[in-house]
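Peer 1: Contents of run_27.cif (mmCIF, C-alpha atoms) are given next:
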```cif
data_coords
loop_
_atom_site.label_atom_id
_atom_site.label_comp_id
_atom_site.auth_asym_id
_atom_site.auth_seq_id
_atom_site.Cartn_x
_atom_site.Cartn_y
_atom_site.Cartn_z
CA MET A 1 16.25 4.46 -9.87
CA ARG A 2 16.56 3.52 -13.49
CA GLY A 3 20.12 4.43 -14.18
CA PHE A 4 21.28 0.81 -14.01
CA LEU A 5 18.67 -0.12 -16.63
CA THR A 6 19.22 2.43 -19.35
CA ALA A 7 22.24 0.88 -21.06
CA GLY A 8 21.63 -0.09 -24.68
CA VAL A 9 22.45 0.67 -28.29
CA PRO A 10 20.20 3.31 -29.92
CA ILE A 11 18.55 1.89 -33.05
CA ALA A 12 15.67 4.24 -33.88
CA THR A 13 13.55 7.19 -32.80
CA VAL A 14 9.76 6.75 -32.98
CA PHE A 15 7.72 9.94 -32.66
CA GLY A 16 10.46 11.49 -30.56
CA VAL A 17 11.02 8.41 -28.37
CA GLU A 18 14.51 6.91 -28.60
CA VAL A 19 14.55 3.11 -28.80
CA ARG A 20 17.63 1.32 -27.43
CA VAL A 21 18.42 -2.39 -27.50
CA HIS A 22 20.42 -4.27 -24.89
CA VAL A 23 22.97 -6.76 -26.26
CA SER A 24 21.06 -9.60 -24.57
CA TRP A 25 18.51 -9.38 -27.38
CA VAL A 26 20.96 -11.07 -29.74
CA LEU A 27 20.67 -14.15 -27.53
CA ILE A 28 16.89 -13.80 -27.17
CA LEU A 29 16.25 -13.60 -30.92
CA ALA A 30 18.56 -16.55 -31.59
CA ILE A 31 16.84 -18.69 -28.93
CA ILE A 32 13.38 -17.87 -30.31
CA ALA A 33 14.33 -18.49 -33.94
CA LEU A 34 16.19 -21.75 -33.28
CA GLY A 35 13.63 -23.05 -30.78
CA VAL A 36 10.61 -22.34 -32.97
CA GLY A 37 12.40 -23.61 -36.08
CA GLY A 38 13.15 -26.90 -34.34
CA GLN A 39 9.54 -27.27 -33.18
CA PHE A 40 8.22 -26.58 -36.67
CA GLU A 41 10.51 -29.29 -38.04
CA VAL A 42 8.89 -31.82 -35.68
CA ILE A 43 5.29 -30.64 -36.01
CA HIS A 44 5.32 -29.84 -39.74
CA PRO A 45 7.87 -32.16 -41.39
CA THR A 46 6.30 -31.60 -44.82
CA TRP A 47 7.10 -27.89 -44.84
CA ALA A 48 10.04 -26.86 -46.96
CA PRO A 49 13.09 -25.91 -44.84
CA GLU A 50 13.03 -22.33 -46.13
CA VAL A 51 9.39 -21.99 -45.07
CA ARG A 52 10.18 -23.24 -41.56
CA TRP A 53 13.15 -20.97 -41.01
CA VAL A 54 11.62 -17.88 -42.60
CA ALA A 55 8.58 -18.40 -40.35
CA SER A 56 10.73 -18.82 -37.23
CA ALA A 57 12.80 -15.74 -38.08
CA GLY A 58 9.59 -13.79 -38.68
CA ILE A 59 8.30 -14.84 -35.26
CA ALA A 60 11.52 -13.68 -33.58
CA LEU A 61 11.39 -10.30 -35.33
CA GLY A 62 7.65 -10.04 -34.69
CA PHE A 63 8.22 -10.60 -30.98
CA PHE A 64 10.91 -7.93 -31.02
CA ALA A 65 8.45 -5.51 -32.65
CA SER A 66 5.78 -6.50 -30.09
CA VAL A 67 8.06 -5.57 -27.20
CA VAL A 68 8.81 -2.23 -28.88
CA VAL A 69 5.06 -1.53 -29.16
CA HIS A 70 4.58 -2.57 -25.52
CA GLU A 71 7.23 -0.14 -24.29
CA LEU A 72 6.18 2.69 -26.62
CA ALA A 73 2.70 2.46 -25.10
CA HIS A 74 4.26 3.25 -21.71
CA ALA A 75 6.20 6.17 -23.20
CA PHE A 76 3.23 7.70 -25.01
CA ILE A 77 0.98 7.53 -21.93
CA ALA A 78 3.78 9.04 -19.85
CA ARG A 79 3.84 11.93 -22.29
CA ARG A 80 0.08 12.31 -22.06
CA ARG A 81 0.54 12.59 -18.29
CA ASP A 82 3.23 15.25 -18.81
CA LEU A 83 5.96 12.98 -17.44
CA GLY A 84 8.16 12.83 -20.52
CA GLY A 85 8.99 9.29 -21.62
CA GLY A 86 11.85 9.86 -24.03
CA VAL A 87 13.84 6.59 -23.91
CA VAL A 88 12.77 2.96 -24.33
CA THR A 89 15.35 0.24 -23.67
CA LEU A 90 14.71 -3.39 -24.63
CA LEU A 91 16.25 -5.66 -21.99
CA PHE A 92 16.52 -9.37 -21.26
CA PHE A 93 13.09 -9.60 -19.65
CA GLY A 94 11.27 -7.34 -22.11
CA GLY A 95 12.01 -3.68 -21.78
CA ILE A 96 11.96 -0.56 -19.64
CA THR A 97 10.67 2.92 -20.34
CA ALA A 98 12.57 5.77 -18.70
CA VAL A 99 10.05 8.55 -18.08
CA GLY A 100 11.28 12.12 -17.97
CA ARG A 101 10.02 12.68 -14.42
CA GLU A 102 9.08 10.26 -11.69
CA PRO A 103 5.29 9.95 -11.17
CA ARG A 104 4.13 12.05 -8.24
CA ARG A 105 0.73 10.36 -7.93
CA PRO A 106 -0.10 6.66 -7.64
CA SER A 107 -2.73 7.05 -10.36
CA ASP A 108 -0.06 8.19 -12.84
CA GLU A 109 2.12 5.21 -11.94
CA ALA A 110 -0.79 2.79 -12.38
CA VAL A 111 -2.01 4.17 -15.73
CA ILE A 112 1.47 4.24 -17.25
CA ALA A 113 2.21 0.70 -16.01
CA ALA A 114 -1.07 -0.68 -17.39
CA ALA A 115 -0.55 0.80 -20.86
CA GLY A 116 2.03 -1.80 -21.94
CA PRO A 117 0.05 -4.96 -21.01
CA LEU A 118 -3.06 -3.49 -22.65
CA ALA A 119 -1.09 -2.89 -25.86
CA SER A 120 0.14 -6.51 -25.73
CA VAL A 121 -3.44 -7.74 -25.25
CA GLY A 122 -4.32 -5.92 -28.46
CA ILE A 123 -1.44 -7.66 -30.25
CA VAL A 124 -2.64 -11.05 -28.96
CA ALA A 125 -6.14 -10.34 -30.28
CA ILE A 126 -4.75 -9.45 -33.72
CA CYS A 127 -2.59 -12.59 -33.79
CA ILE A 128 -5.56 -14.82 -32.92
CA ALA A 129 -7.68 -13.17 -35.61
CA VAL A 130 -4.95 -13.72 -38.22
CA TRP A 131 -4.47 -17.34 -37.13
CA GLN A 132 -8.19 -18.11 -37.37
CA GLY A 133 -8.61 -16.31 -40.69
CA LEU A 134 -5.65 -17.97 -42.37
CA GLY A 135 -6.60 -21.34 -40.89
CA ARG A 136 -9.89 -21.17 -42.74
CA ALA A 137 -8.06 -20.04 -45.88
CA ALA A 138 -5.62 -22.95 -45.65
CA GLY A 139 -8.51 -25.37 -45.27
CA THR A 140 -10.01 -24.27 -48.58
CA THR A 141 -6.73 -24.71 -50.51
CA GLY A 142 -6.89 -27.55 -52.99
CA SER A 143 -4.44 -30.46 -53.13
CA GLY A 144 -2.82 -29.01 -56.25
CA ALA A 145 -1.62 -25.95 -54.34
CA THR A 146 0.38 -27.62 -51.57
CA ALA A 147 3.16 -25.00 -51.52
CA ARG A 148 0.63 -22.18 -51.31
CA GLY A 149 -1.25 -24.02 -48.58
CA ASP A 150 1.93 -24.58 -46.60
CA LEU A 151 2.77 -20.89 -46.87
CA ILE A 152 -0.67 -19.82 -45.65
CA GLU A 153 -0.51 -22.38 -42.85
CA ALA A 154 2.97 -21.19 -41.87
CA ILE A 155 1.82 -17.58 -41.63
CA GLY A 156 -1.18 -18.61 -39.55
CA GLU A 157 0.94 -20.78 -37.24
CA SER A 158 3.44 -17.95 -36.90
CA ALA A 159 0.66 -15.60 -35.81
CA LEU A 160 -0.46 -18.13 -33.21
CA VAL A 161 3.06 -18.59 -31.83
CA LEU A 162 3.56 -14.82 -31.74
CA GLY A 163 0.30 -14.48 -29.81
CA VAL A 164 1.45 -17.10 -27.29
CA LEU A 165 4.79 -15.30 -26.89
CA ASN A 166 2.95 -12.06 -26.18
CA LEU A 167 0.80 -13.84 -23.59
CA LEU A 168 4.04 -15.01 -21.98
CA LEU A 169 5.35 -11.44 -22.13
CA ILE A 170 2.21 -10.19 -20.37
CA ALA A 171 2.56 -12.86 -17.68
CA ILE A 172 6.20 -11.97 -17.06
CA LYS A 173 5.63 -8.23 -17.11
CA LEU A 174 2.80 -8.54 -14.58
CA LEU A 175 5.04 -10.20 -11.99
CA PRO A 176 5.05 -7.98 -8.86
CA VAL A 177 8.71 -7.05 -9.36
CA TYR A 178 9.96 -3.53 -10.01
CA PRO A 179 10.63 -2.30 -12.71
CA LEU A 180 8.19 -4.70 -14.41
CA ASP A 181 4.64 -3.49 -14.97
CA GLY A 182 3.32 -5.69 -12.17
CA GLY A 183 5.87 -4.19 -9.80
CA ARG A 184 4.83 -0.69 -10.77
CA LEU A 185 1.16 -1.57 -10.30
CA THR A 186 2.04 -3.06 -6.90
CA ARG A 187 3.96 0.08 -5.99
CA ALA A 188 1.00 2.23 -7.05
CA ALA A 189 -1.36 0.14 -4.90
CA LEU A 190 0.93 0.29 -1.85
CA TRP A 191 1.49 4.00 -2.41
CA ARG A 192 -2.24 4.67 -2.60
CA ALA A 193 -2.97 2.54 0.47
CA SER A 194 -0.21 4.00 2.65
CA GLY A 195 0.06 7.50 1.21
CA ASP A 196 3.86 7.13 1.48
CA GLU A 197 5.90 6.66 -1.69
CA ARG A 198 9.04 5.60 0.21
CA ARG A 199 7.15 2.95 2.14
CA ALA A 200 5.68 1.69 -1.13
CA ASN A 201 9.18 1.48 -2.61
CA ARG A 202 10.43 -0.58 0.31
CA GLY A 203 7.41 -2.88 0.08
CA VAL A 204 7.70 -3.59 -3.65
CA ALA A 205 11.47 -4.03 -3.31
CA THR A 206 10.96 -6.76 -0.71
CA VAL A 207 8.33 -8.50 -2.84
CA GLY A 208 10.58 -8.26 -5.90
CA ARG A 209 13.57 -9.85 -4.19
CA TRP A 210 11.52 -12.82 -3.00
CA VAL A 211 9.85 -13.36 -6.37
CA GLY A 212 13.24 -13.17 -8.10
CA LEU A 213 14.73 -15.72 -5.70
CA LEU A 214 11.75 -18.03 -6.22
CA LEU A 215 12.28 -17.85 -9.98
CA VAL A 216 15.97 -18.65 -9.53
CA GLY A 217 15.03 -21.68 -7.45
CA GLY A 218 12.40 -22.75 -9.97
CA GLY A 219 14.90 -22.43 -12.81
CA PHE A 220 17.43 -24.55 -10.91
CA ALA A 221 14.82 -27.25 -10.25
CA LEU A 222 13.73 -27.19 -13.90
CA ALA A 223 17.33 -27.59 -15.06
CA LEU A 224 17.85 -30.56 -12.72
CA SER A 225 14.74 -32.23 -14.14
CA GLY A 226 16.33 -32.22 -17.58
CA ASN A 227 14.85 -29.04 -19.09
CA VAL A 228 18.14 -27.17 -19.03
CA LEU A 229 17.34 -24.39 -21.53
CA ASP A 230 14.04 -23.34 -19.94
CA GLY A 231 15.59 -23.65 -16.49
CA LEU A 232 18.49 -21.44 -17.50
CA LEU A 233 16.19 -18.76 -18.92
CA LEU A 234 13.95 -18.83 -15.84
CA GLY A 235 16.94 -18.67 -13.50
CA LEU A 236 18.54 -15.78 -15.36
CA SER A 237 15.25 -13.88 -15.31
CA GLY A 238 14.91 -14.44 -11.58
CA TRP A 239 18.49 -13.35 -10.95
CA PHE A 240 17.96 -10.15 -12.94
CA LEU A 241 14.67 -9.35 -11.21
CA ALA A 242 16.07 -10.03 -7.75
CA GLY A 243 18.87 -7.61 -8.60
CA ALA A 244 16.30 -5.03 -9.66
CA GLY A 245 14.58 -5.41 -6.30
CA ARG A 246 17.86 -4.87 -4.45
CA ALA A 247 18.56 -1.78 -6.57
CA LEU A 248 15.16 -0.34 -5.71
CA GLN A 249 15.80 -0.97 -2.02
CA ARG A 250 19.13 0.86 -2.24
CA HIS A 251 17.37 3.67 -4.09
CA ALA A 252 14.80 4.00 -1.29
CA GLU A 253 17.53 3.99 1.37
CA LEU A 254 19.50 6.62 -0.51
CA GLU A 255 16.45 8.83 -0.90
CA ALA A 256 15.78 8.58 2.84
CA MET A 257 19.42 9.41 3.61
CA LEU A 258 19.29 12.60 1.51
CA ALA A 259 15.88 13.73 2.75
CA GLY A 260 15.99 17.34 3.90
CA VAL A 261 19.40 18.07 2.33
CA ARG A 262 19.49 21.21 0.18
CA VAL A 263 21.52 21.83 -2.94
CA GLU A 264 23.51 24.70 -1.38
CA SER A 265 25.00 22.39 1.25
CA VAL A 266 26.41 20.00 -1.37
CA MET A 267 27.31 22.08 -4.44
CA ASP A 268 30.90 22.87 -5.43
CA ARG A 269 31.82 26.50 -4.69
CA GLY A 270 34.64 28.75 -5.79
CA LEU A 271 35.38 26.85 -8.98
CA PRO A 272 37.53 28.55 -11.62
CA SER A 273 35.70 29.85 -14.68
CA VAL A 274 36.59 29.17 -18.28
CA ALA A 275 36.63 31.70 -21.11
CA PRO A 276 34.69 30.61 -24.22
CA GLN A 277 37.76 31.08 -26.44
CA LEU A 278 39.94 28.74 -24.33
CA THR A 279 41.15 25.70 -26.29
CA LEU A 280 40.40 22.22 -24.99
CA ASP A 281 44.04 21.22 -24.57
CA THR A 282 44.59 24.14 -22.19
CA PHE A 283 41.30 23.42 -20.47
CA ALA A 284 42.27 19.80 -19.85
CA ALA A 285 45.83 20.54 -18.73
CA GLN A 286 45.33 23.63 -16.55
CA TYR A 287 41.76 23.49 -15.29
CA LEU A 288 40.57 19.92 -14.91
CA ALA A 289 43.94 18.67 -13.67
CA ASP A 290 44.46 21.51 -11.19
CA SER A 291 40.96 21.92 -9.81
CA GLY A 292 39.94 18.27 -9.80
CA ALA A 293 36.48 19.39 -10.91
CA THR A 294 34.40 17.45 -13.44
CA SER A 295 32.39 20.44 -14.69
CA LEU A 296 33.30 24.14 -14.90
CA PRO A 297 31.37 27.27 -15.87
CA VAL A 298 32.05 29.12 -19.13
CA ILE A 299 31.87 32.84 -18.31
CA ARG A 300 31.94 36.03 -20.38
CA ASP A 301 31.57 39.45 -18.74
CA ASP A 302 30.40 37.84 -15.48
CA SER A 303 27.56 36.10 -17.35
CA LEU A 304 27.17 32.33 -17.45
CA LEU A 305 27.27 31.07 -21.04
CA GLY A 306 27.25 27.35 -20.25
CA LEU A 307 29.13 24.45 -18.66
CA ILE A 308 31.96 22.31 -19.97
CA GLY A 309 33.11 19.09 -18.40
CA VAL A 310 34.71 15.74 -18.87
CA SER A 311 31.84 14.43 -21.00
CA GLN A 312 32.20 17.20 -23.57
CA LEU A 313 35.97 16.73 -23.62
CA ARG A 314 35.64 13.03 -24.37
CA ARG A 315 33.43 13.66 -27.39
CA VAL A 316 36.23 15.51 -29.19
CA PRO A 317 39.22 13.57 -30.59
CA ARG A 318 42.40 14.47 -28.75
CA LYS A 319 44.07 15.58 -31.98
CA SER A 320 41.42 18.32 -32.31
CA TRP A 321 41.77 19.72 -28.78
CA ALA A 322 44.25 22.41 -29.83
CA THR A 323 41.82 23.86 -32.39
CA THR A 324 38.54 23.37 -30.53
CA ARG A 325 37.37 26.04 -28.09
CA ALA A 326 35.31 25.70 -24.96
CA GLY A 327 32.52 27.75 -26.50
CA ASP A 328 32.23 25.21 -29.32
CA VAL A 329 31.40 22.24 -27.11
CA MET A 330 29.90 23.73 -23.93
CA ILE A 331 26.35 22.87 -22.87
CA SER A 332 24.27 26.03 -22.80
CA PRO A 333 20.59 26.89 -22.21
CA PRO A 334 17.99 25.64 -22.95
CA ALA A 335 19.77 22.24 -22.90
CA LEU A 336 21.32 23.30 -19.57
CA PRO A 337 18.75 23.54 -16.75
CA THR A 338 19.56 25.46 -13.58
CA LEU A 339 18.98 24.83 -9.89
CA ALA A 340 18.24 27.13 -6.96
CA PRO A 341 20.29 26.88 -3.73
CA GLU A 342 17.20 26.10 -1.66
CA ASP A 343 16.12 23.18 -3.88
CA ASP A 344 15.94 19.79 -2.21
CA LEU A 345 18.89 17.62 -3.19
CA TRP A 346 17.00 14.47 -4.15
CA PRO A 347 14.83 16.05 -6.92
CA ALA A 348 17.92 17.98 -8.06
CA LEU A 349 19.87 14.72 -8.28
CA GLU A 350 17.08 13.17 -10.36
CA ARG A 351 17.22 16.20 -12.64
CA LEU A 352 20.99 15.89 -12.98
CA ARG A 353 20.60 12.19 -13.80
CA ARG A 354 18.06 12.88 -16.55
CA THR A 355 20.27 15.45 -18.26
CA ASP A 356 23.23 13.02 -18.37
CA LEU A 357 25.56 15.98 -17.73
CA ASP A 358 28.53 16.26 -15.38
CA GLY A 359 26.95 19.10 -13.41
CA LEU A 360 24.19 21.71 -13.19
CA PRO A 361 24.65 25.40 -12.29
CA VAL A 362 23.13 26.69 -9.05
CA MET A 363 21.81 30.20 -9.61
CA ARG A 364 20.22 33.01 -7.65
CA GLY A 365 18.80 35.21 -10.33
CA GLU A 366 21.69 35.87 -12.71
CA GLU A 367 24.35 35.12 -10.10
CA LEU A 368 26.21 31.80 -10.27
CA LEU A 369 26.61 30.41 -6.74
CA GLY A 370 28.12 27.02 -7.52
CA ILE A 371 27.73 23.79 -9.46
CA LEU A 372 26.03 20.60 -8.36
CA THR A 373 28.16 17.76 -9.73
CA ARG A 374 27.92 14.01 -9.48
CA ARG A 375 31.22 14.07 -7.57
CA SER A 376 29.87 16.51 -5.00
CA VAL A 377 26.76 14.37 -4.48
CA VAL A 378 28.84 11.21 -4.06
CA THR A 379 31.02 13.03 -1.53
CA ALA A 380 27.92 14.11 0.42
CA ILE A 381 26.58 10.54 0.41
CA ARG A 382 29.88 9.14 1.69
CA GLU A 383 30.00 11.73 4.47
CA ARG A 384 26.47 10.88 5.58
CA MET A 385 27.19 7.16 5.46
CA ARG A 386 30.34 7.71 7.51
CA ALA A 387 28.39 9.83 10.02
CA ALA A 388 25.67 7.17 10.25
CA GLY A 389 28.30 4.50 10.83
CA THR A 390 29.91 6.57 13.55
CA ALA A 391 26.54 7.24 15.18
CA THR A 392 25.74 3.54 15.35
#
```
Any chance you could give the structure as structure tokens?

Peer 2:
Amino acid sequence: MRGFLTAGVPIATVFGVEVRVHVSWVLILAIIALGVGGQFEVIHPTWAPEVRWVASAGIALGFFASVVVHELAHAFIARRRDLGGGVVTLLFFGGITAVGREPRRPSDEAVIAAAGPLASVGIVAICIAVWQGLGRAAGTTGSGATARGDLIEAIGESALVLGVLNLLLIAIKLLPVYPLDGGRLTRAALWRASGDERRANRGVATVGRWVGLLLVGGGFALALSGNVLDGLLLGLSGWFLAGAGRALQRHAELEAMLAGVRVESVMDRGLPSVAPQLTLDTFAAQYLADSGATSLPVIRDDSLLGLIGVSQLRRVPRKSWATTRAGDVMISPPALPTLAPEDDLWPALERLRRTDLDGLPVMRGEELLGILTRRSVVTAIRERMRAAGTAT
């Protein structure tokens, strides 16, 4: 469900949670800094230019940090609920937290979704306290300390603006659009009321599409009225959120299509095995090209040592293929989870997605039966779609 949202550049790891930033944040930070700097120039013409622009840059960076805190709150609560929460990605509309496992109870969904807005409420309270405290301090500054008074006033005003931005973040995140917090809370409520997660997904997807389209329309109307920048931002947000709703709908339809399918009916069988001492150039030329597989088992004495696939090959420079062996780059336990042939395909697919590997081994005890690959799953989906089209 979240695969289309996890793109971003890793910038830090906070208590084991990886923080990624989408490139759209370059635009967001620039808009905030320039917009606030321009407003300060009108409202506070007596401030020195460096004070105005340092304050506006501080607000932009403070908002960035606020969104990080908001998303980390989701991740930490997900961990408390034993659902992982290892990646936070900051996106155009705020951010998204990819939990390790999908919530299996509506209460888990609701608690994790509420954690972010509650963290932002705390940030708003701190900002208001700073603004009020520094406002009193600025009022007691004598006329002979104008520069110091301007600096104190600028810090206080920056805290106020940051608090307002966080209020705006809360309002946006509570829209009933998945994957925003409001959408997740809506999904949890529909799930609890109906007792059917798939029905809840369809419901929140429909709501999300309509809200997104309304925002697009509102942004267009705002732009026509002369407020082009705000209209553009509102329209882009609506377009993104409507797309998220469509993606959730496709996710629900795909899950329904694969309901009841077991791993053993989809996995690749009879794949050639690779010796750990095989060099990557031979592996690429003789195995991947001939078999057409994306992931192959590395075997020694009939025992599975790990898997090697296209992803591992791409991480090694081509000039080093002749001296790098399969055993050097293969993915092996415990980083390599295994599946059972009787496992349901949908949870297995979610597990494959979380590992970001090309395939997972399907085992019965110590015996390797096959490999579930992304290619085999796509093939199964196409066959079912073709069968459904024929049936209709």

Peer 1: On this structure, the PyMOL selection byres ((chain A and resi 300-308) around 7) would catch which residues? List them as a short mmCIF file (atom, residue, chain, number, x, y, z; two decimals) with C-alpha atoms, in the frame of the given file, sorted by chain and number.

Peer 2:
```cif
data_model
loop_
_atom_site.label_atom_id
_atom_site.label_comp_id
_atom_site.auth_asym_id
_atom_site.auth_seq_id
_atom_site.Cartn_x
_atom_site.Cartn_y
_atom_site.Cartn_z
CA ALA A 275 36.63 31.70 -21.11
CA SER A 295 32.39 20.44 -14.69
CA LEU A 296 33.30 24.14 -14.90
CA PRO A 297 31.37 27.27 -15.87
CA VAL A 298 32.05 29.12 -19.13
CA ILE A 299 31.87 32.84 -18.31
CA GLY A 309 33.11 19.09 -18.40
CA GLN A 312 32.20 17.20 -23.57
CA ALA A 326 35.31 25.70 -24.96
CA MET A 330 29.90 23.73 -23.93
CA ILE A 331 26.35 22.87 -22.87
CA SER A 332 24.27 26.03 -22.80
CA PRO A 333 20.59 26.89 -22.21
#
```

Peer 1: Take the PyMOL selection byres ((chain A and resi 105-113) around 8), run it mentally on this structure, and tell me the resulting residues as a PyMOL selection string.

Peer 2: chain A and resi 74-75+77-78+81+103-104+114-117+181-182+184-185+187-189+191-192

Peer 1: With the file shown as input, list the residues that the PyMOL selection byres ((chain A and resi 364) around 12) selects, as a list of chain:residue names.

Peer 2: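 Applied to this file, the PyMOL selection byres ((chain A and resi 364) around 12) returns A:Glu264, A:Thr338, A:Leu339, A:Ala340, A:Pro341, A:Glu342, A:Asp343, A:Pro361, A:Val362, A:Met363, A:Gly365, A:Glu366, A:Glu367, A:Leu368, A:Leu369, A:Gly370.
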
Peer 1: Neighbours of Leu167 in chain A within 8 Å (all atoms listed in the file; same-chain residues fewer than 2 positions away dropped), as a list in words?

Peer 2: Ser120, Val121, Val124, Gly163, Val164, Leu165, Leu169, Ile170 and Ala171 of chain A

Peer 1: Measuring atom to atom with all atoms listed in the file, identify which of A:Val88, A:Cys127, A:Leu83, A:Leu214 is nearest to Phe15 in chain A.

Peer 2: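 Looking only at the distances to Phe15 in chain A, the closest residue turns out to be A:Val88.
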
Peer 1: Could you list, as a ChimeraX atom specification, every residue within 12 Å of Leu160 in chain A, counting all atoms listed in the file and ignoring same-chain residues fewer than 6 positions away?

Peer 2: /A:36,55-56,59,62-63,123-135,153-154,166-167

Peer 1: Neighbouring residues of range 245-251 of chain A were defined as those with any atom within 7 Å, considering all atoms listed in the file; residues of the same chain fewer than 6 positions away were excluded. Please report them as a ChimeraX atom specification.

Peer 2: /A:1,177-178,201-202,205-206,208-209

Peer 1: With distances taken over all atoms listed in the file, which of A:Asp268, A:Asp356, A:Glu50, A:Glu18 is nearest to Leu151 in chain A?

Peer 2: A:Glu50

Peer 1: Which residues are close to range 374-388 of chain A, i.e. within 10 Å by only C-alpha atoms, leaving aside same-chain residues fewer than 6 positions away? Reply as a list of chain:residue names.

Peer 2: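 Listing them by chain and then by number gives A:Leu254, A:Met257, A:Leu258, A:Val261, A:Val263, A:Ser265, A:Val266, A:Met267, A:Asp268, A:Gly292, A:Ala293, A:Thr294, A:Ser295, A:Leu345, A:Trp346, A:Leu349, A:Leu352, A:Arg353, A:Leu357, A:Asp358, A:Gly359, A:Leu360.
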
Peer 1: Between CA of Gln286 in chain A and CA of Arg354 in chain A, measure the distance and give it in Å to one decimal.

Peer 2: 29.3 Å

Peer 1: Enter the distance from CA of Ala30 in chain A to CA of Val54 in chain A, in Å, rounded to one decimal.

Peer 2: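 CA of Val54 in chain A lies 13.1 Å from CA of Ala30 in chain A.
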
Peer 1: In Å, with one decimal, what is the gap from CA of Val87 in chain A to CA of Leu213 in chain A?

Peer 2: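 Computed distance, CA of Val87 in chain A to CA of Leu213 in chain A, equals 28.8 Å.
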
Peer 1: Which of these residues is nearest to Glu197 in chain A, using only C-alpha atoms: A:Leu313, A:Gly219, A:Ala252, A:Pro337?

Peer 2: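 Among the listed residues, the smallest separation from Glu197 in chain A belongs to A:Ala252.
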
Peer 1: Which residue is closest to Gly327 in chain A? Choose from A:Gln277, A:Ser311, A:Ser24, A:Thr373 and count only C-alpha atoms.

Peer 2: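 Going through A:Gln277, A:Ser311, A:Ser24, A:Thr373 one by one, the smallest distance to Gly327 in chain A is for A:Gln277.
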
Peer 1: Might you pull out every residue within 12 Å of Leu27 in chain A, with all atoms listed in the file counted and same-chain residues fewer than 3 positions away left off, and present them as an mmCIF file with C-alpha atoms, keeping the file's coordinate frame?

Peer 2:
```
data_model
loop_
_atom_site.group_PDB
_atom_site.id
_atom_site.type_symbol
_atom_site.label_atom_id
_atom_site.label_comp_id
_atom_site.auth_asym_id
_atom_site.auth_seq_id
_atom_site.Cartn_x
_atom_site.Cartn_y
_atom_site.Cartn_z
ATOM 1 C CA VAL A 21 18.420 -2.390 -27.500
ATOM 2 C CA HIS A 22 20.420 -4.270 -24.890
ATOM 3 C CA VAL A 23 22.970 -6.760 -26.260
ATOM 4 C CA SER A 24 21.060 -9.600 -24.570
ATOM 5 C CA ALA A 30 18.560 -16.550 -31.590
ATOM 6 C CA ILE A 31 16.840 -18.690 -28.930
ATOM 7 C CA ILE A 32 13.380 -17.870 -30.310
ATOM 8 C CA ALA A 33 14.330 -18.490 -33.940
ATOM 9 C CA LEU A 34 16.190 -21.750 -33.280
ATOM 10 C CA GLY A 35 13.630 -23.050 -30.780
ATOM 11 C CA ALA A 60 11.520 -13.680 -33.580
ATOM 12 C CA LEU A 91 16.250 -5.660 -21.990
ATOM 13 C CA PHE A 92 16.520 -9.370 -21.260
ATOM 14 C CA PHE A 93 13.090 -9.600 -19.650
ATOM 15 C CA LEU A 233 16.190 -18.760 -18.920
#
```

Peer 1: Quick one: of A:Leu72, A:Phe240, A:Ala57, A:Asp150, who's nearest to Pro45 in chain A, counting all atoms listed in the file?

Peer 2: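 Looking only at the distances to Pro45 in chain A, the closest residue turns out to be A:Asp150.
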
Peer 1: Could you check which residues have any atom within 10 Å of (41.9, 24.9, -29.5), counting all atoms listed in the file with coordinates taken straight from the file, and then list them as a PyMOL selection string?

Peer 2: chain A and resi 277-283+319-326+328

Peer 1: Which is closest to Leu61 in chain A among A:Ala119, A:Ala348, A:Val207, A:Ala159, if we use only C-alpha atoms?

Peer 2: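 That would be A:Ala159, the residue with the smallest distance to Leu61 in chain A.
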